[in-house]
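Here is query-v3.tsv, consisting of TSV, C-alpha atoms:
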```
chain	number	residue	atom	x	y	z
R	1	MET	CA	-80.57	87.93	22.42
R	2	ASP	CA	-83.15	85.20	23.05
R	3	ALA	CA	-84.84	85.24	26.44
R	4	TRP	CA	-83.68	81.71	27.18
R	5	ALA	CA	-80.06	82.77	26.71
R	6	LEU	CA	-80.46	84.22	30.19
R	7	ALA	CA	-80.38	80.65	31.50
R	8	GLY	CA	-76.64	80.62	30.82
R	9	TRP	CA	-76.01	82.98	33.67
R	10	ALA	CA	-78.91	81.85	35.87
R	11	ALA	CA	-76.53	79.99	38.17
R	12	ALA	CA	-74.70	83.23	38.90
R	13	LEU	CA	-77.96	85.00	39.58
R	14	ALA	CA	-78.89	82.27	42.04
R	15	LEU	CA	-76.04	83.49	44.24
R	16	ALA	CA	-77.90	86.77	44.53
R	17	TRP	CA	-80.96	85.21	46.12
R	18	GLY	CA	-80.89	87.83	48.88
R	19	LEU	CA	-81.60	90.48	46.30
R	20	MET	CA	-84.38	88.37	44.87
R	21	THR	CA	-86.13	88.05	48.20
R	22	ARG	CA	-86.17	91.83	48.52
R	23	GLY	CA	-87.64	92.12	45.01
R	24	LEU	CA	-84.71	93.93	43.34
R	25	MET	CA	-83.47	91.09	41.16
R	26	THR	CA	-87.04	90.05	40.33
R	27	ARG	CA	-87.83	93.46	38.88
R	28	MET	CA	-84.58	93.58	36.95
R	29	LEU	CA	-85.12	90.17	35.33
R	30	ALA	CA	-88.77	90.95	34.62
R	31	ARG	CA	-87.77	94.11	32.75
R	32	VAL	CA	-85.20	92.21	30.68
R	33	LEU	CA	-87.56	89.39	29.71
R	34	ASP	CA	-90.56	91.66	29.13
R	35	ARG	CA	-88.40	93.90	26.94
R	36	ARG	CA	-87.35	90.89	24.91
R	37	GLN	CA	-90.98	89.85	24.53
R	38	GLN	CA	-91.87	93.37	23.38
R	39	ASP	CA	-88.99	93.31	20.90
R	40	GLU	CA	-90.33	90.07	19.43
R	41	THR	CA	-93.75	91.67	19.02
R	42	ASP	CA	-92.29	94.81	17.46
R	43	GLU	CA	-90.35	92.70	14.96
R	44	ARG	CA	-93.63	91.44	13.47
R	45	LYS	CA	-94.07	93.87	10.57
R	46	PRO	CA	-96.73	93.50	7.88
R	47	ASP	CA	-94.07	92.10	5.54
R	48	SER	CA	-92.87	89.49	8.04
R	49	LYS	CA	-92.62	85.98	6.67
R	50	LEU	CA	-95.85	84.78	8.21
R	51	LEU	CA	-97.97	82.24	6.42
R	52	ALA	CA	-100.87	83.67	4.45
R	53	THR	CA	-104.35	83.01	5.79
R	54	CYS	CA	-105.75	82.13	2.34
R	55	ASN	CA	-109.18	81.34	3.81
R	56	LYS	CA	-107.61	78.62	5.94
R	57	ALA	CA	-110.12	76.83	8.20
R	58	VAL	CA	-109.68	76.92	11.98
R	59	VAL	CA	-111.81	75.36	14.71
R	60	ILE	CA	-111.68	77.24	18.06
R	61	THR	CA	-113.35	75.89	21.20
R	62	GLY	CA	-114.67	77.98	24.07
R	63	CYS	CA	-115.61	81.17	22.20
R	64	ASP	CA	-118.38	82.38	24.53
R	65	SER	CA	-115.97	84.85	26.12
R	66	GLY	CA	-112.34	85.63	26.92
R	67	PHE	CA	-109.48	84.34	24.79
R	68	GLY	CA	-111.71	82.26	22.52
R	69	LYS	CA	-114.06	85.05	21.53
R	70	ALA	CA	-111.24	87.55	21.05
R	71	THR	CA	-109.25	85.09	18.94
R	72	ALA	CA	-112.25	84.14	16.79
R	73	ARG	CA	-112.88	87.80	15.96
R	74	HIS	CA	-109.19	88.47	15.25
R	75	LEU	CA	-108.73	85.46	12.97
R	76	ASP	CA	-111.95	86.29	11.14
R	77	ARG	CA	-110.61	89.80	10.44
R	78	LEU	CA	-107.38	88.26	9.14
R	79	GLY	CA	-109.31	86.19	6.60
R	80	PHE	CA	-109.39	82.78	8.29
R	81	ARG	CA	-112.48	80.64	7.93
R	82	VAL	CA	-113.39	80.30	11.61
R	83	PHE	CA	-115.53	77.62	13.23
R	84	ALA	CA	-116.18	79.05	16.69
R	85	THR	CA	-117.70	76.68	19.24
R	86	VAL	CA	-119.81	78.09	22.07
R	87	LEU	CA	-121.37	76.42	25.07
R	88	ASP	CA	-124.47	78.61	24.79
R	89	GLY	CA	-125.61	79.18	21.23
R	90	ALA	CA	-128.10	81.81	22.36
R	91	GLY	CA	-125.74	83.54	24.79
R	92	GLU	CA	-124.25	87.02	24.71
R	93	GLY	CA	-120.91	85.82	23.35
R	94	ALA	CA	-122.49	83.99	20.44
R	95	SER	CA	-124.68	86.99	19.63
R	96	GLU	CA	-121.67	89.29	19.62
R	97	LEU	CA	-119.77	87.03	17.23
R	98	ARG	CA	-122.75	86.87	14.87
R	99	ARG	CA	-123.04	90.65	14.96
R	100	THR	CA	-119.37	91.60	14.56
R	101	CYS	CA	-117.85	88.89	12.36
R	102	SER	CA	-118.01	88.16	8.65
R	103	PRO	CA	-120.25	85.51	7.04
R	104	ARG	CA	-117.17	83.26	6.89
R	105	LEU	CA	-117.46	82.58	10.63
R	106	THR	CA	-119.59	79.62	11.64
R	107	LEU	CA	-120.91	79.14	15.17
R	108	LEU	CA	-121.17	75.61	16.56
R	109	GLN	CA	-122.88	74.77	19.86
R	110	LEU	CA	-120.52	72.43	21.71
R	111	ASP	CA	-119.99	71.11	25.20
R	112	ILE	CA	-116.58	69.45	24.87
R	113	THR	CA	-117.41	67.01	27.68
R	114	GLN	CA	-120.22	65.47	25.59
R	115	PRO	CA	-118.83	62.98	23.02
R	116	GLN	CA	-122.00	63.06	20.88
R	117	GLN	CA	-121.78	66.82	20.54
R	118	VAL	CA	-118.09	66.56	19.59
R	119	GLN	CA	-118.95	64.04	16.85
R	120	ARG	CA	-121.77	66.28	15.63
R	121	ALA	CA	-119.38	69.24	15.44
R	122	LEU	CA	-116.90	67.15	13.44
R	123	ALA	CA	-119.64	66.13	11.00
R	124	GLU	CA	-120.75	69.74	10.50
R	125	VAL	CA	-117.19	70.96	9.96
R	126	ARG	CA	-116.59	68.21	7.40
R	127	GLU	CA	-119.83	68.98	5.60
R	128	ARG	CA	-119.16	72.70	5.40
R	129	LEU	CA	-115.52	72.31	4.38
R	130	GLY	CA	-116.11	69.74	1.69
R	131	PRO	CA	-112.82	69.13	-0.12
R	132	GLN	CA	-111.14	71.98	1.74
R	133	GLY	CA	-108.91	70.81	4.57
R	134	LEU	CA	-108.76	71.87	8.22
R	135	TRP	CA	-105.71	74.02	8.90
R	136	ALA	CA	-105.88	74.17	12.68
R	137	LEU	CA	-107.64	73.22	15.87
R	138	VAL	CA	-107.37	75.70	18.77
R	139	ASN	CA	-108.18	74.09	22.11
R	140	ASN	CA	-109.25	77.03	24.24
R	141	ALA	CA	-112.23	75.78	26.27
R	142	GLY	CA	-111.45	75.33	29.95
R	143	VAL	CA	-112.68	75.97	33.48
R	144	CYS	CA	-111.40	76.72	36.97
R	145	VAL	CA	-114.12	75.54	39.33
R	146	ASN	CA	-112.58	75.95	42.76
R	147	PHE	CA	-110.29	77.92	45.01
R	148	GLY	CA	-108.96	76.75	48.33
R	149	ASP	CA	-106.67	74.31	50.07
R	150	ILE	CA	-106.63	70.75	48.75
R	151	GLU	CA	-108.07	69.37	52.00
R	152	LEU	CA	-110.98	71.80	51.78
R	153	SER	CA	-111.77	71.11	48.13
R	154	GLN	CA	-114.47	68.68	47.08
R	155	MET	CA	-113.59	65.72	44.90
R	156	SER	CA	-116.17	66.98	42.41
R	157	ASN	CA	-113.98	70.05	41.86
R	158	PHE	CA	-111.02	67.89	40.86
R	159	ARG	CA	-113.19	65.74	38.61
R	160	GLY	CA	-114.85	68.81	37.07
R	161	CYS	CA	-111.54	70.39	36.13
R	162	MET	CA	-110.19	67.15	34.73
R	163	GLU	CA	-113.38	66.46	32.79
R	164	VAL	CA	-113.23	69.77	30.91
R	165	ASN	CA	-109.59	70.80	30.85
R	166	PHE	CA	-108.12	67.37	30.17
R	167	PHE	CA	-110.64	64.72	29.07
R	168	GLY	CA	-112.79	67.14	27.06
R	169	THR	CA	-109.75	68.58	25.28
R	170	LEU	CA	-108.37	65.07	24.77
R	171	ASN	CA	-111.58	63.94	23.08
R	172	VAL	CA	-111.82	66.99	20.83
R	173	THR	CA	-108.17	66.59	19.83
R	174	LYS	CA	-108.49	62.88	19.01
R	175	THR	CA	-111.69	63.56	17.06
R	176	PHE	CA	-110.22	66.27	14.80
R	177	LEU	CA	-106.70	64.85	14.54
R	178	PRO	CA	-107.33	62.85	11.33
R	179	LEU	CA	-108.26	66.11	9.55
R	180	LEU	CA	-105.13	67.81	10.85
R	181	ARG	CA	-102.92	64.89	9.80
R	182	ARG	CA	-104.40	64.86	6.31
R	183	ASP	CA	-103.55	68.53	5.74
R	184	LYS	CA	-100.38	68.76	7.90
R	185	GLY	CA	-102.10	71.36	10.03
R	186	ARG	CA	-101.61	72.99	13.41
R	187	LEU	CA	-102.79	72.07	16.89
R	188	VAL	CA	-102.76	74.98	19.34
R	189	THR	CA	-103.79	74.57	22.99
R	190	VAL	CA	-104.31	77.21	25.65
R	191	SER	CA	-102.99	75.84	28.93
R	192	SER	CA	-101.62	77.57	32.03
R	193	PRO	CA	-98.39	78.02	34.00
R	194	ALA	CA	-100.43	76.53	36.88
R	195	GLY	CA	-99.85	73.19	35.18
R	196	ASP	CA	-96.10	73.53	35.78
R	197	GLN	CA	-95.94	75.70	38.91
R	198	PRO	CA	-97.37	74.74	42.35
R	199	PHE	CA	-99.65	77.73	42.91
R	200	PRO	CA	-101.32	77.47	46.34
R	201	CYS	CA	-105.08	76.84	46.37
R	202	LEU	CA	-105.17	75.95	42.66
R	203	ALA	CA	-104.44	72.23	42.89
R	204	ALA	CA	-107.55	71.02	41.02
R	205	TYR	CA	-107.02	73.44	38.15
R	206	GLY	CA	-103.24	72.98	38.13
R	207	ALA	CA	-103.45	69.18	38.11
R	208	SER	CA	-105.76	69.24	35.07
R	209	LYS	CA	-103.42	71.62	33.24
R	210	ALA	CA	-100.38	69.52	34.20
R	211	ALA	CA	-102.05	66.52	32.56
R	212	LEU	CA	-102.87	68.66	29.53
R	213	ASN	CA	-99.30	69.96	29.22
R	214	LEU	CA	-97.81	66.47	29.31
R	215	PHE	CA	-100.39	65.21	26.83
R	216	MET	CA	-99.53	67.97	24.36
R	217	ASP	CA	-95.78	67.49	24.82
R	218	THR	CA	-96.17	63.77	24.10
R	219	LEU	CA	-98.48	64.33	21.15
R	220	ARG	CA	-96.01	66.80	19.66
R	221	HIS	CA	-93.47	63.99	19.23
R	222	GLU	CA	-96.03	61.52	17.90
R	223	VAL	CA	-97.51	63.71	15.16
R	224	ALA	CA	-94.29	65.35	14.04
R	225	PRO	CA	-93.73	62.67	11.35
R	226	TRP	CA	-97.16	63.57	9.93
R	227	GLY	CA	-96.13	67.20	9.55
R	228	VAL	CA	-98.51	68.43	12.27
R	229	HIS	CA	-97.15	71.16	14.54
R	230	VAL	CA	-98.29	71.26	18.18
R	231	SER	CA	-98.01	74.47	20.23
R	232	THR	CA	-99.04	75.32	23.79
R	233	ILE	CA	-99.98	78.85	24.85
R	234	LEU	CA	-99.08	79.74	28.45
R	235	PRO	CA	-100.78	83.02	29.45
R	236	SER	CA	-100.07	85.17	32.46
R	237	SER	CA	-102.98	86.51	34.54
R	238	TYR	CA	-105.81	88.00	32.46
R	239	LYS	CA	-109.29	89.24	33.25
R	240	THR	CA	-111.57	86.63	31.71
R	241	GLY	CA	-114.72	84.75	32.64
R	242	HIS	CA	-115.99	85.44	36.17
R	243	CYS	CA	-113.05	87.59	37.27
R	244	SER	CA	-115.14	90.69	37.97
R	245	ASP	CA	-118.29	88.88	39.06
R	246	THR	CA	-118.63	89.48	42.82
R	247	ALA	CA	-121.74	87.29	43.01
R	248	TYR	CA	-119.80	84.38	41.48
R	249	TRP	CA	-117.03	84.62	44.09
R	250	GLU	CA	-119.54	84.83	46.94
R	251	ALA	CA	-121.46	81.83	45.60
R	252	GLN	CA	-118.24	79.83	45.35
R	253	HIS	CA	-117.35	80.86	48.90
R	254	GLN	CA	-120.72	79.85	50.33
R	255	GLN	CA	-120.64	76.56	48.45
R	256	LEU	CA	-117.21	75.79	49.89
R	257	LEU	CA	-118.30	76.65	53.45
R	258	GLY	CA	-121.40	74.51	53.09
R	259	SER	CA	-119.36	71.50	51.97
R	260	LEU	CA	-116.98	71.54	54.95
R	261	SER	CA	-117.42	69.21	57.88
R	262	PRO	CA	-117.65	70.82	61.35
R	263	ALA	CA	-114.23	69.37	62.20
R	264	LEU	CA	-112.56	70.90	59.12
R	265	LEU	CA	-114.27	74.23	59.67
R	266	GLU	CA	-113.07	74.21	63.27
R	267	ASP	CA	-109.47	73.38	62.26
R	268	PHE	CA	-109.22	75.96	59.47
R	269	GLY	CA	-111.68	78.64	60.56
R	270	GLU	CA	-114.23	80.57	58.55
R	271	ASP	CA	-111.98	83.64	58.62
R	272	TYR	CA	-109.17	81.63	56.96
R	273	VAL	CA	-111.50	80.50	54.15
R	274	GLY	CA	-112.83	84.04	53.81
R	275	GLU	CA	-109.34	85.49	53.46
R	276	THR	CA	-108.63	83.04	50.61
R	277	LYS	CA	-111.75	84.26	48.78
R	278	GLU	CA	-110.77	87.90	49.28
R	279	LEU	CA	-107.25	87.26	47.99
R	280	PHE	CA	-108.57	85.51	44.87
R	281	GLN	CA	-110.99	88.36	44.23
R	282	HIS	CA	-108.20	90.91	44.65
R	283	PHE	CA	-105.95	88.95	42.29
R	284	ALA	CA	-108.74	88.68	39.71
R	285	ARG	CA	-109.63	92.38	39.92
R	286	HIS	CA	-106.04	93.35	39.18
R	287	ALA	CA	-105.61	90.92	36.28
R	288	ASN	CA	-104.76	92.33	32.85
R	289	PRO	CA	-107.89	93.22	30.83
R	290	ASP	CA	-105.91	93.44	27.56
R	291	LEU	CA	-106.10	89.97	25.97
R	292	SER	CA	-104.05	90.93	22.92
R	293	PRO	CA	-100.79	89.18	23.99
R	294	VAL	CA	-102.64	85.85	24.11
R	295	VAL	CA	-104.47	86.48	20.84
R	296	ASP	CA	-101.17	87.50	19.26
R	297	ALA	CA	-99.49	84.32	20.51
R	298	MET	CA	-102.26	82.21	18.98
R	299	GLU	CA	-101.89	83.96	15.66
R	300	ARG	CA	-98.14	83.33	15.69
R	301	ALA	CA	-98.71	79.66	16.49
R	302	LEU	CA	-100.99	79.44	13.45
R	303	ARG	CA	-98.88	81.52	11.03
R	304	ASP	CA	-95.21	81.13	12.01
R	305	PRO	CA	-93.44	78.99	9.39
R	306	GLN	CA	-91.76	77.09	12.24
R	307	PRO	CA	-94.04	77.48	15.27
R	308	GLN	CA	-92.63	77.18	18.77
R	309	ALA	CA	-93.54	74.36	21.10
R	310	ARG	CA	-94.52	76.89	23.76
R	311	TYR	CA	-95.52	80.54	23.63
R	312	PHE	CA	-95.28	82.67	26.77
R	313	ALA	CA	-98.18	85.13	26.51
R	314	GLY	CA	-97.89	88.12	28.79
R	315	PRO	CA	-95.46	89.73	31.22
R	316	GLY	CA	-93.66	87.66	33.81
R	317	VAL	CA	-94.26	84.18	32.37
R	318	GLY	CA	-90.75	83.79	30.95
R	319	LEU	CA	-89.25	84.93	34.24
R	320	MET	CA	-91.42	82.45	36.12
R	321	TYR	CA	-90.13	79.53	34.06
R	322	LEU	CA	-86.55	80.77	34.31
R	323	VAL	CA	-86.75	80.89	38.10
R	324	SER	CA	-88.52	77.52	38.37
R	325	GLY	CA	-86.02	75.83	36.08
R	326	TYR	CA	-82.71	77.15	37.39
R	327	PHE	CA	-83.08	78.56	40.90
R	328	PRO	CA	-83.00	76.76	44.28
R	329	ALA	CA	-86.26	75.45	45.74
R	330	THR	CA	-86.30	77.99	48.57
R	331	LEU	CA	-85.99	80.84	46.11
R	332	ARG	CA	-88.64	79.35	43.81
R	333	ASN	CA	-91.10	79.17	46.70
R	334	ARG	CA	-90.45	82.77	47.73
R	335	PHE	CA	-90.88	83.88	44.14
R	336	LEU	CA	-94.25	82.11	43.75
R	337	GLN	CA	-95.47	83.54	47.04
R	338	SER	CA	-94.56	87.03	45.85
R	339	LEU	CA	-96.55	86.48	42.63
R	340	PHE	CA	-99.72	84.91	43.93
R	341	LEU	CA	-101.70	84.67	47.17
R	342	LYS	CA	-100.02	86.39	50.11
R	343	LYS	CA	-101.91	84.84	53.00
R	344	ARG	CA	-101.59	86.41	56.42
R	345	LEU	CA	-103.88	84.17	58.42
R	346	ALA	CA	-102.84	80.68	59.47
R	347	PRO	CA	-105.51	77.99	59.96
R	348	ARG	CA	-107.34	78.40	63.27
R	349	ALA	CA	-105.89	75.22	64.82
R	350	LEU	CA	-102.34	76.41	64.11
R	351	ARG	CA	-103.13	79.80	65.59
R	352	LYS	CA	-104.38	78.10	68.74
R	353	GLU	CA	-101.23	75.99	68.90
R	354	ALA	CA	-99.06	79.06	68.48
R	355	ALA	CA	-100.99	80.93	71.17
R	356	ALA	CA	-100.72	77.95	73.53
R	357	ALA	CA	-96.99	77.75	72.88
R	358	VAL	CA	-96.59	81.44	73.70
R	359	LEU	CA	-98.59	81.01	76.91
R	360	GLY	CA	-96.48	77.98	77.78
R	361	LYS	CA	-93.27	79.93	77.32
R	362	GLU	CA	-94.61	82.79	79.40
R	363	ALA	CA	-95.66	80.39	82.17
R	364	ALA	CA	-92.25	78.73	82.09
R	365	ALA	CA	-90.58	82.13	82.32
R	366	HIS	CA	-92.74	83.03	85.31
R	367	ARG	CA	-91.87	79.75	86.99
R	368	ARG	CA	-88.15	80.35	86.43
R	369	HIS	CA	-88.56	83.85	87.81
R	370	ASP	CA	-90.37	82.54	90.91
R	371	ASP	CA	-87.78	79.79	91.39
R	372	ASN	CA	-84.99	82.36	91.24
R	373	ASN	CA	-86.77	84.53	93.79
R	374	ASN	CA	-87.29	81.55	96.09
R	375	ASN	CA	-83.63	80.58	95.79
R	376	ASN	CA	-82.56	84.13	96.60
R	377	ASN	CA	-84.85	84.23	99.62
R	378	SER	CA	-83.50	80.90	100.86
R	379	GLU	CA	-79.94	82.11	100.55
R	380	GLU	CA	-80.77	85.31	102.48
R	381	GLU	CA	-82.39	83.33	105.31
R	382	ALA	CA	-79.37	81.02	105.50
R	383	ASP	CA	-77.07	84.03	105.80
R	384	LYS	CA	-79.17	85.40	108.66
R	385	VAL	CA	-78.96	82.09	110.55
R	386	LYS	CA	-75.18	82.14	110.26
```
Re-express the file's structure as structure tokens.
Amino acid sequence: MDAWALAGWAAALALAWGLMTRGLMTRMLARVLDRRQQDETDERKPDSKLLATCNKAVVITGCDSGFGKATARHLDRLGFRVFATVLDGAGEGASELRRTCSPRLTLLQLDITQPQQVQRALAEVRERLGPQGLWALVNNAGVCVNFGDIELSQMSNFRGCMEVNFFGTLNVTKTFLPLLRRDKGRLVTVSSPAGDQPFPCLAAYGASKAALNLFMDTLRHEVAPWGVHVSTILPSSYKTGHCSDTAYWEAQHQQLLGSLSPALLEDFGEDYVGETKELFQHFARHANPDLSPVVDAMERALRDPQPQARYFAGPGVGLMYLVSGYFPATLRNRFLQSLFLKKRLAPRALRKEAAAAVLGKEAAAHRRHDDNNNNNNSEEEADKVK
């Protein structure tokens, strides 16, 4: 039974939203979908009808760490001819790839936001491949440069995310697309559910991934006549990049505080901003350190005879899209809140308003009490006069 067959009875499940809010239905659906995902993985035996690697050439961006580095090593072991791009050619990630991979792997220094470097990478790939074609481009490079409410975020954060996650990927894709068209190859892009789901405090990152998702969905239709397959990888939460770097989170926090105007800091409060940082750190610390579901999804996108348009990589992603696609808005919001940041503090200005409202109600109650006492006293005095 395919996971998306569950959508047929999603309407009936929506009637059980009370169970969902208490977490019972969420856990049940998660087990069903995660079991289906595990079944799909278990079905992949060595004799499965996957395409042979046959020294096929693959370009992967963003291989300094995380998904990119893990995928480059895995594909190299499978026999692919890997061109792994790194931002820092002398960095730890590049050194590890040189040390652990076969001579087939080629490292390319590349900042995907620099058009000249992208053109230089294309020229080097063409020179090294010669008559051999390019089987696939894996767009993995990306950044998340902020955390916090939209009003508190600098415009440079939005531009930074768009520059790397969207415009950089767009340029790399357009640059290598002629090679993919010539050999009817594969285009695989690592995106994020944040591009489809409104996760609080991730607007800059989510907006860039939303643009990327729509771009890839549109491109899929345009290049289909050329025989090029386009797939998007949608991972759940994994421990990559700066997740465990306490100094990074503190630096981001101090940078955010320093950018706020006195008026904004007064309205929101330093404790509110600090809680957001702590929640992000907690979420990052508890992310999954095992990157294999994402690496496995990338391999399937490269080797499946008929690759899927989207691959859900990791537990809970299928459930997230099921809920967002078929459940009422109120339930969707509760579900997202249960998955991500569970803020307890309201902005300082709202706390002051709430406190003032409570004081106002108490004062009104006292006045009513005094008025009642005065009325009772007046009635008693009138009775005495009579």
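The closest residue to Pro315 in chain R, picked from R:Phe80, R:Tyr272, R:Phe67, R:Tyr238 and counting all atoms listed in the file, is R:Tyr238.
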Sorted by chain and rising residue number, which residues of range 136-180 of chain R lie within 12 Å of range 260-266 of chain R, and what are their closest atom pairs and distances in Å to one decimal, counting only C-alpha atoms, as JSON lines?
```
{"residue": "R:Gly148", "atom": "CA", "partner": "R:Leu260", "partner_atom": "CA", "distance": 11.6}
{"residue": "R:Asp149", "atom": "CA", "partner": "R:Leu264", "partner_atom": "CA", "distance": 11.3}
{"residue": "R:Ile150", "atom": "CA", "partner": "R:Leu264", "partner_atom": "CA", "distance": 11.9}
{"residue": "R:Glu151", "atom": "CA", "partner": "R:Leu264", "partner_atom": "CA", "distance": 8.6}
{"residue": "R:Leu152", "atom": "CA", "partner": "R:Leu260", "partner_atom": "CA", "distance": 6.8}
{"residue": "R:Ser153", "atom": "CA", "partner": "R:Leu260", "partner_atom": "CA", "distance": 8.6}
{"residue": "R:Gln154", "atom": "CA", "partner": "R:Leu260", "partner_atom": "CA", "distance": 8.7}
```
With C-alpha atoms retained, could you export that selection as a PDB file, in the coordinates of the input?
```pdb
ATOM      1  CA  GLY R 148    -108.960  76.750  48.330  1.00  0.00           C
ATOM      2  CA  ASP R 149    -106.670  74.310  50.070  1.00  0.00           C
ATOM      3  CA  ILE R 150    -106.630  70.750  48.750  1.00  0.00           C
ATOM      4  CA  GLU R 151    -108.070  69.370  52.000  1.00  0.00           C
ATOM      5  CA  LEU R 152    -110.980  71.800  51.780  1.00  0.00           C
ATOM      6  CA  SER R 153    -111.770  71.110  48.130  1.00  0.00           C
ATOM      7  CA  GLN R 154    -114.470  68.680  47.080  1.00  0.00           C
TER       8      GLN R 154
END
```
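Reported to one decimal place, the separation of CA of Thr169 in chain R from CA of Lys209 in chain R is 10.6 Å.
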Go through range 280-359 of chain R and flag each residue having an atom no more than 10 Å from range 181-199 of chain R; for those, report the closest pair of atoms plus their distance in Å to one decimal, using all atoms listed in the file, ordered by chain and rising number, as CSV.
```
residue,atom,partner,partner_atom,distance
R:Val294,CA,R:Val190,CA,8.9
R:Ala297,CA,R:Val188,CA,10.0
R:Met298,CA,R:Val188,CA,7.3
R:Glu299,CA,R:Val188,CA,9.7
R:Ala301,CA,R:Val188,CA,6.8
R:Leu302,CA,R:Arg186,CA,6.5
R:Arg303,CA,R:Arg186,CA,9.3
R:Pro307,CA,R:Arg186,CA,9.0
R:Ala309,CA,R:Val188,CA,9.4
R:Arg310,CA,R:Val188,CA,9.5
R:Tyr311,CA,R:Val190,CA,9.6
R:Phe312,CA,R:Pro193,CA,9.1
R:Ala313,CA,R:Ser192,CA,10.0
R:Val317,CA,R:Pro193,CA,7.6
R:Met320,CA,R:Pro193,CA,8.5
R:Tyr321,CA,R:Pro193,CA,8.4
R:Ser324,CA,R:Gln197,CA,7.7
R:Arg332,CA,R:Gln197,CA,9.5
R:Asn333,CA,R:Pro198,CA,8.8
R:Leu336,CA,R:Phe199,CA,7.0
R:Gln337,CA,R:Phe199,CA,8.3
R:Leu339,CA,R:Phe199,CA,9.3
R:Phe340,CA,R:Phe199,CA,7.3
R:Leu341,CA,R:Phe199,CA,8.4
```
Need to verify the contact set: Leu110 in chain R, 7 Å, all atoms listed in the file, exclusion of same-chain residues closer than 4 positions in sequence. Can you return it as a list in words? Thr85, Val86, Leu87, Gln117 and Val118 of chain R
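Remark: for Gly206 in chain R, the closest of the candidate residues R:Phe280, R:Phe158, R:Phe176, R:Phe167 is R:Phe158 (distances computed over only C-alpha atoms).
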